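S.K.: My structure is in query16.txt, and what it holds is compact mmCIF, C-alpha atoms:
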# COMPACT_ATOMS: atom_id res chain seq x y z
CA MET A 853 4.81 0.80 11.81
CA LYS A 854 4.78 2.93 8.71
CA PRO A 855 1.25 3.13 7.26
CA PRO A 856 1.06 1.15 3.99
CA ILE A 857 -0.16 3.14 0.99
CA LEU A 858 -1.39 1.33 -2.12
CA ILE A 859 -0.49 3.13 -5.37
CA LEU A 860 -2.36 1.81 -8.40
CA THR A 861 -0.28 1.57 -11.56
CA GLY A 862 -0.68 0.53 -15.18
CA TYR A 863 -2.61 1.44 -18.33
CA GLY A 864 -0.93 4.81 -18.88
CA LEU A 865 -0.66 6.05 -15.29
CA ASN A 866 2.91 7.34 -15.08
CA CYS A 867 3.61 9.25 -11.85
CA GLU A 868 4.37 6.24 -9.66
CA ALA A 869 8.06 7.01 -8.97
CA GLU A 870 7.59 10.53 -7.60
CA SER A 871 4.37 9.57 -5.82
CA ALA A 872 6.06 6.67 -4.04
CA HIS A 873 8.97 8.92 -3.07
CA ALA A 874 6.56 11.49 -1.62
CA TRP A 875 4.99 8.88 0.67
CA ARG A 876 8.42 7.62 1.74
CA LEU A 877 9.58 11.13 2.61
CA ALA A 878 6.38 11.58 4.63
CA GLY A 879 7.02 8.40 6.62
CA ALA A 880 4.70 5.93 4.89
CA GLU A 881 5.35 2.65 3.08
CA PRO A 882 4.22 2.91 -0.56
CA ARG A 883 3.27 -0.30 -2.37
CA LEU A 884 2.99 -0.11 -6.16
CA VAL A 885 0.54 -2.64 -7.58
CA HIS A 886 -0.85 -2.95 -11.11
CA LEU A 887 -4.61 -2.47 -11.36
CA ASN A 888 -5.04 -5.93 -12.90
CA ASP A 889 -3.38 -7.55 -9.88
CA VAL A 890 -5.70 -5.73 -7.47
CA LEU A 891 -8.74 -6.68 -9.52
CA GLU A 892 -7.65 -10.33 -9.44
CA ASP A 893 -6.80 -10.29 -5.74
CA PRO A 894 -7.91 -7.28 -3.63
CA ALA A 895 -5.63 -8.22 -0.71
CA PRO A 896 -3.35 -5.19 -1.25
CA LEU A 897 -6.37 -2.89 -0.87
CA ARG A 898 -7.56 -4.69 2.25
CA GLU A 899 -4.11 -4.34 3.83
CA ALA A 900 -3.59 -0.66 2.96
CA ALA A 901 -4.19 2.34 5.18
CA GLY A 902 -4.43 4.60 2.15
CA LEU A 903 -4.97 4.47 -1.59
CA MET A 904 -3.46 6.78 -4.19
CA VAL A 905 -4.61 7.04 -7.80
CA ILE A 906 -1.83 8.83 -9.63
CA GLY A 907 -1.49 11.06 -12.67
CA GLY A 908 -0.94 10.09 -16.27
CA PHE A 909 -3.18 9.23 -19.19
CA SER A 910 -5.04 6.05 -18.29
CA PHE A 911 -6.19 4.18 -21.39
CA GLY A 912 -4.97 7.15 -23.42
CA ASP A 913 -7.99 9.26 -22.34
CA HIS A 914 -9.56 7.94 -25.55
CA LEU A 915 -13.13 7.78 -24.19
CA GLY A 916 -12.65 10.69 -21.80
CA SER A 917 -10.11 11.24 -19.05
CA GLY A 918 -10.25 8.51 -16.41
CA LEU A 919 -13.51 7.00 -17.69
CA VAL A 920 -12.32 3.51 -18.68
CA PHE A 921 -10.20 3.11 -15.55
CA ALA A 922 -13.12 4.21 -13.37
CA ASN A 923 -15.51 1.79 -15.06
CA ARG A 924 -13.17 -1.14 -14.49
CA VAL A 925 -12.86 -0.26 -10.82
CA ARG A 926 -16.62 0.24 -10.42
CA THR A 927 -17.58 -3.05 -12.03
CA GLN A 928 -14.91 -5.22 -10.41
CA LEU A 929 -13.86 -3.55 -7.17
CA ARG A 930 -16.92 -1.66 -5.93
CA ASP A 931 -17.65 -3.75 -2.83
CA GLU A 932 -13.99 -3.89 -1.80
CA LEU A 933 -13.61 -0.15 -2.25
CA GLN A 934 -16.76 0.54 -0.23
CA ALA A 935 -15.44 -1.68 2.57
CA PHE A 936 -12.12 0.15 2.38
CA LEU A 937 -13.88 3.49 2.90
CA ASP A 938 -16.06 2.05 5.66
CA ARG A 939 -12.89 1.13 7.55
CA GLY A 940 -11.93 4.82 7.66
CA ARG A 941 -9.11 4.62 5.13
CA ILE A 942 -7.86 7.57 3.08
CA VAL A 943 -7.82 8.17 -0.69
CA LEU A 944 -5.78 10.64 -2.74
CA GLY A 945 -6.25 11.23 -6.47
CA VAL A 946 -3.97 13.54 -8.46
CA CYS A 947 -4.69 14.82 -11.98
CA ASN A 948 -5.78 11.70 -13.90
CA GLY A 949 -6.39 10.17 -10.48
CA PHE A 950 -8.73 13.05 -9.64
CA GLN A 951 -10.49 12.52 -12.96
CA ILE A 952 -10.92 8.83 -12.10
CA LEU A 953 -12.32 9.61 -8.65
CA THR A 954 -14.94 11.97 -10.09
CA LYS A 955 -15.92 9.46 -12.79
CA LEU A 956 -16.35 6.85 -10.07
CA GLY A 957 -18.35 9.18 -7.84
CA LEU A 958 -15.90 8.90 -4.94
CA LEU A 959 -15.66 12.66 -5.28
CA PRO A 960 -17.52 14.46 -4.03
CA GLY A 961 -19.32 11.38 -2.62
CA LEU A 962 -22.26 13.45 -1.43
CA GLY A 963 -24.36 11.82 1.25
CA GLY A 964 -21.92 8.91 1.43
CA ASP A 965 -22.83 7.77 -2.09
CA TYR A 966 -19.43 7.02 -3.61
CA PHE A 967 -20.56 5.44 -6.86
CA THR A 968 -22.94 7.98 -8.40
CA PRO A 969 -21.01 10.69 -10.28
CA THR A 970 -22.33 14.21 -9.69
CA VAL A 971 -19.29 16.16 -10.90
CA SER A 972 -17.06 15.77 -13.93
CA LEU A 973 -13.80 17.12 -15.25
CA GLN A 974 -14.12 18.46 -18.76
CA GLN A 975 -11.83 19.90 -21.42
CA ASN A 976 -9.96 23.07 -20.55
CA ASP A 977 -11.76 26.23 -21.71
CA CYS A 978 -8.78 27.02 -23.92
CA GLY A 979 -9.33 23.73 -25.76
CA HIS A 980 -5.84 22.31 -25.36
CA PHE A 981 -3.31 20.87 -22.93
CA GLN A 982 -1.71 23.23 -20.37
CA ASN A 983 1.61 22.72 -18.58
CA PHE A 984 2.83 25.40 -16.15
CA TRP A 985 2.71 26.42 -12.47
CA VAL A 986 -0.30 27.89 -10.70
CA ARG A 987 -1.05 29.38 -7.29
CA LEU A 988 -3.50 27.62 -4.97
CA ARG A 989 -5.30 29.03 -1.96
CA PHE A 990 -6.66 26.72 0.72
CA GLU A 991 -9.83 26.92 2.78
CA ALA A 992 -9.13 26.60 6.51
CA ASP A 993 -12.66 25.40 7.31
CA SER A 994 -12.55 22.42 4.94
CA PRO A 995 -12.69 18.97 6.58
CA CYS A 996 -9.93 17.76 4.21
CA ILE A 997 -7.20 15.99 6.18
CA PHE A 998 -4.63 16.50 3.40
CA THR A 999 -4.75 20.32 3.41
CA ARG A 1000 -4.75 21.06 7.15
CA GLY A 1001 -2.72 24.13 8.02
CA LEU A 1002 -2.07 25.12 4.40
CA THR A 1003 -2.74 28.68 3.19
CA GLN A 1004 -1.21 29.20 -0.27
CA MET A 1005 1.07 27.14 -2.47
CA ASP A 1006 2.54 27.04 -5.97
CA LEU A 1007 2.16 23.74 -7.81
CA PRO A 1008 2.57 22.54 -11.41
CA ILE A 1009 -0.38 21.55 -13.60
CA ARG A 1010 -0.28 19.42 -16.74
CA HIS A 1011 -3.69 18.46 -18.09
CA GLY A 1012 -6.10 18.88 -20.97
CA GLU A 1013 -9.29 18.08 -19.03
CA GLY A 1014 -9.26 19.84 -15.68
CA ARG A 1015 -12.35 22.01 -15.69
CA VAL A 1016 -14.51 20.99 -12.73
CA PHE A 1017 -18.08 21.11 -13.95
CA THR A 1018 -21.52 20.12 -12.70
CA ALA A 1019 -24.78 20.63 -14.55
CA SER A 1020 -26.58 20.99 -11.22
CA ARG A 1021 -26.41 24.33 -9.45
CA ALA A 1022 -27.73 22.55 -6.35
CA VAL A 1023 -24.66 20.29 -6.32
CA LEU A 1024 -22.33 23.25 -6.78
CA ASN A 1025 -24.01 25.10 -3.92
CA LYS A 1026 -23.80 22.00 -1.72
CA LEU A 1027 -20.05 21.70 -2.38
CA THR A 1028 -19.61 25.27 -1.17
CA ARG A 1029 -21.96 24.97 1.80
CA LYS A 1030 -20.37 21.75 3.05
CA LYS A 1031 -16.83 23.18 2.60
CA LEU A 1032 -15.87 20.41 0.17
CA VAL A 1033 -13.62 22.67 -1.94
CA PRO A 1034 -10.30 22.60 -0.03
CA CYS A 1035 -8.32 24.45 -2.69
CA ARG A 1036 -8.99 26.95 -5.47
CA TYR A 1037 -6.96 28.57 -8.21
CA ALA A 1038 -5.77 31.96 -7.01
CA ASP A 1039 -4.38 35.20 -8.37
CA PRO A 1040 -0.73 35.28 -7.18
CA ALA A 1041 -0.89 39.05 -6.60
CA THR A 1042 -4.04 39.15 -4.46
CA GLY A 1043 -4.45 35.56 -3.21
CA ALA A 1044 -8.12 35.69 -4.22
CA ALA A 1045 -9.83 32.84 -6.04
CA THR A 1046 -10.06 33.62 -9.74
CA GLN A 1047 -11.74 32.58 -12.97
CA LYS A 1048 -9.16 34.42 -15.08
CA PHE A 1049 -6.67 32.60 -17.31
CA PRO A 1050 -3.84 31.70 -16.80
CA HIS A 1051 -4.19 31.72 -13.01
CA ASN A 1052 -7.25 29.52 -13.46
CA PRO A 1053 -5.76 27.32 -16.19
CA ASN A 1054 -8.91 25.47 -17.26
CA GLY A 1055 -11.98 27.59 -16.48
CA SER A 1056 -13.03 25.42 -13.55
CA GLN A 1057 -16.32 26.48 -11.94
CA LYS A 1058 -15.85 28.53 -8.76
CA ALA A 1059 -12.07 28.25 -9.38
CA ILE A 1060 -12.18 24.69 -7.98
CA ALA A 1061 -8.76 23.02 -8.07
CA GLY A 1062 -9.65 20.09 -5.79
CA LEU A 1063 -12.52 18.42 -3.95
CA CYS A 1064 -12.92 16.31 -0.84
CA ASP A 1065 -15.75 14.19 0.52
CA GLU A 1066 -17.67 15.04 3.68
CA THR A 1067 -15.34 12.96 5.87
CA GLY A 1068 -12.28 14.81 4.53
CA ARG A 1069 -10.55 11.47 3.95
CA VAL A 1070 -11.09 11.33 0.18
CA PHE A 1071 -9.36 14.13 -1.73
CA GLY A 1072 -8.47 14.85 -5.32
CA LEU A 1073 -6.83 17.77 -7.09
CA MET A 1074 -5.59 18.65 -10.56
CA PRO A 1075 -2.17 20.20 -9.66
CA HIS A 1076 0.67 17.79 -8.86
CA PRO A 1077 1.98 17.97 -5.26
CA GLU A 1078 4.24 14.95 -5.89
CA ALA A 1079 6.06 17.07 -8.49
CA TYR A 1080 7.15 19.60 -5.87
CA LEU A 1081 9.07 17.57 -3.28
CA PHE A 1082 12.35 19.47 -3.55
CA PRO A 1083 12.84 23.25 -3.41
CA GLU A 1084 14.70 23.13 -6.73
CA ASN A 1085 11.54 21.90 -8.47
CA HIS A 1086 10.10 25.42 -8.24
CA PRO A 1087 10.72 27.50 -11.38
CA ARG A 1088 11.96 30.42 -9.27
CA TRP A 1089 14.03 28.44 -6.78
CA ASP A 1090 17.16 30.45 -7.60
CA PHE A 1091 15.43 33.71 -6.62
CA GLN A 1092 14.22 32.06 -3.41
CA LYS A 1093 17.78 30.98 -2.66
CA VAL A 1094 19.21 34.48 -3.22
CA ARG A 1095 16.55 35.90 -0.90
CA GLY A 1096 17.18 33.25 1.77
CA GLU A 1097 13.67 31.86 1.28
CA LEU A 1098 14.56 28.41 -0.09
CA PRO A 1099 12.64 25.84 2.00
CA GLU A 1100 14.06 22.53 3.19
CA HIS A 1101 11.48 20.58 1.21
CA GLY A 1102 9.18 21.34 -1.68
CA ALA A 1103 5.80 22.55 -0.49
CA GLY A 1104 3.94 19.64 -2.11
CA LEU A 1105 5.27 17.27 0.55
CA ALA A 1106 2.86 18.83 3.06
CA PHE A 1107 -0.12 16.96 1.57
CA PHE A 1108 1.58 13.63 2.27
CA THR A 1109 2.87 14.49 5.75
CA ASN A 1110 -0.61 15.67 6.72
CA ALA A 1111 -2.03 12.34 5.56
CA VAL A 1112 0.57 10.29 7.44
CA ASP A 1113 0.06 12.38 10.60
CA TYR A 1114 -3.65 11.67 10.36
CA LEU A 1115 -3.12 7.92 9.92
CA ASN A 1116 -0.66 7.76 12.81
CA ASN A 1117 -3.10 9.54 15.13
CA ALA A 1118 -6.41 8.09 13.92
When written as C-alpha cells, how does the structure in this file appear?
M.R.:
Amino acid sequence: MKPPILILTGYGLNCEAESAHAWRLAGAEPRLVHLNDVLEDPAPLREAAGLMVIGGFSFGDHLGSGLVFANRVRTQLRDELQAFLDRGRIVLGVCNGFQILTKLGLLPGLGGDYFTPTVSLQQNDCGHFQNFWVRLRFEADSPCIFTRGLTQMDLPIRHGEGRVFTASRAVLNKLTRKKLVPCRYADPATGAATQKFPHNPNGSQKAIAGLCDETGRVFGLMPHPEAYLFPENHPRWDFQKVRGELPEHGAGLAFFTNAVDYLNNA
C-alpha cells in the first residue's frame, strides 16, 4: 500500500497542489485536510504515516509567521500529535510549515520535548521578502531521513522571516553537536556554508537552512523542494539541456522519495 500522507490546509497555506503532487510522484498517497477538520476529528492524523505542513502565509503572518497556526495546534491537538510521533511517524514542514514547527517546538525537539520552542525564525536581515534560488549543501552525518544521500542542491526560497535564531548559545552548540542541521546555505562557487547575502538570503545563524529532530523523522526547511519537481522549474534548465545535464526529475523530489523509502522499509 502507498503510505498515506496528511497535508494540512487552510488559513493562508497555499502550496497544497505541488506538495500533493510531490508525494504522488514519490509513491505516497497524499490526503489534503483542512486544519479545522483535523481539530474536530483527529482520525486523519491517526491514520497517516506522515504529516506535511506546507508553505504559505498562515493567518497572514499578522502576529508572526506561523505563530497563530502553531498555537491552535498546540492547544487542541497536542496529545494526538505526541501520540503520532510516538508511533514513529514522519513530519515535514516547508517554509511557513517550518516556521510553524519551530513555534510549536517540534523542531528541534531537543530531548524529545516537542512542545517547548527553543528556536525561532525571525525577519530576514535585509528587512524584506526575498524570492530567488539558493544553493544548499547537506551534511552526510545528519540523522535526517529526508536528506539521505544528498550533497548539494539548488532550490527556490520565498520568505520574509527565514532567519533561524536562538538566544541560547548552548542550544546552537547542541544543534551542531547532535548533527541536527541537515542543510545549510552554501556559496555556489565553493560549496562552503556561508553567511554572505545573497547566498544566505536571510542571515540565518550558522547558515542554517533546515533542522531535524534527534530521530531524523521530523524535518523542516525554508527552501521549497516541492517547487522543483520538474527539470524545467530550474532557472537555468535551458543551459542544462544544451549541456546534456537536464535531469529526469527536479532535484526537490529526492526529499519525498527518501521519505517514502523510509516508510516502506521501516
S.K.: Of the candidates A:Asp1039, A:Arg1095, A:Ala878, A:Val971, which shows the shortest atom-to-atom distance to Ala1111 of chain A, using only C-alpha atoms?
M.R.: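 Result for the nearest residue to Ala1111 of chain A: A:Ala878.
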S.K.: So that each row is one residue of segment 917-1015 of chain A with an atom at most 10 Å from segment 1019-1033 of chain A, can you give its shortest atom pair and the distance in Å to one decimal, using only C-alpha atoms, rows by chain and rising number, as CSV?
M.R.:
residue,atom,partner,partner_atom,distance
A:Leu959,CA,A:Leu1032,CA,9.5
A:Pro960,CA,A:Leu1032,CA,7.5
A:Leu962,CA,A:Leu1027,CA,8.6
A:Thr970,CA,A:Val1023,CA,7.3
A:Val971,CA,A:Ala1019,CA,8.0
A:Ser972,CA,A:Ala1019,CA,9.1
A:Phe990,CA,A:Val1033,CA,8.5
A:Glu991,CA,A:Val1033,CA,7.4
A:Ala992,CA,A:Lys1031,CA,9.3
A:Asp993,CA,A:Lys1031,CA,6.7
A:Ser994,CA,A:Lys1031,CA,4.9
A:Pro995,CA,A:Lys1031,CA,7.1
A:Cys996,CA,A:Leu1032,CA,7.7
S.K.: Go through A:Gly902, A:Gly916, A:Gly961, A:Pro896 and flag the residue nearest Arg939 of chain A, using only C-alpha atoms for the distances.
M.R.: A:Gly902
S.K.: Counting only C-alpha atoms, select every polymer residue within 8 Å of (-6.9, 16.4, -2.8) as defined in the file's coordinates, and provide the selection as number ranges by chain.
M.R.: A: 944-946, 950, 996, 998-999, 1034, 1062-1064, 1070-1073
S.K.: Find the spatial neighbours of segment 1099-1104 of chain A, counting all atoms listed in the file, within a cut-off of 9 Å - ignore same-chain residues fewer than 6 positions away - and output them as JSON, numbers by chain.
M.R.: {"A": [874, 1005, 1006, 1007, 1076, 1077, 1078, 1079, 1080, 1081, 1082, 1083, 1084, 1085, 1086, 1092, 1093]}
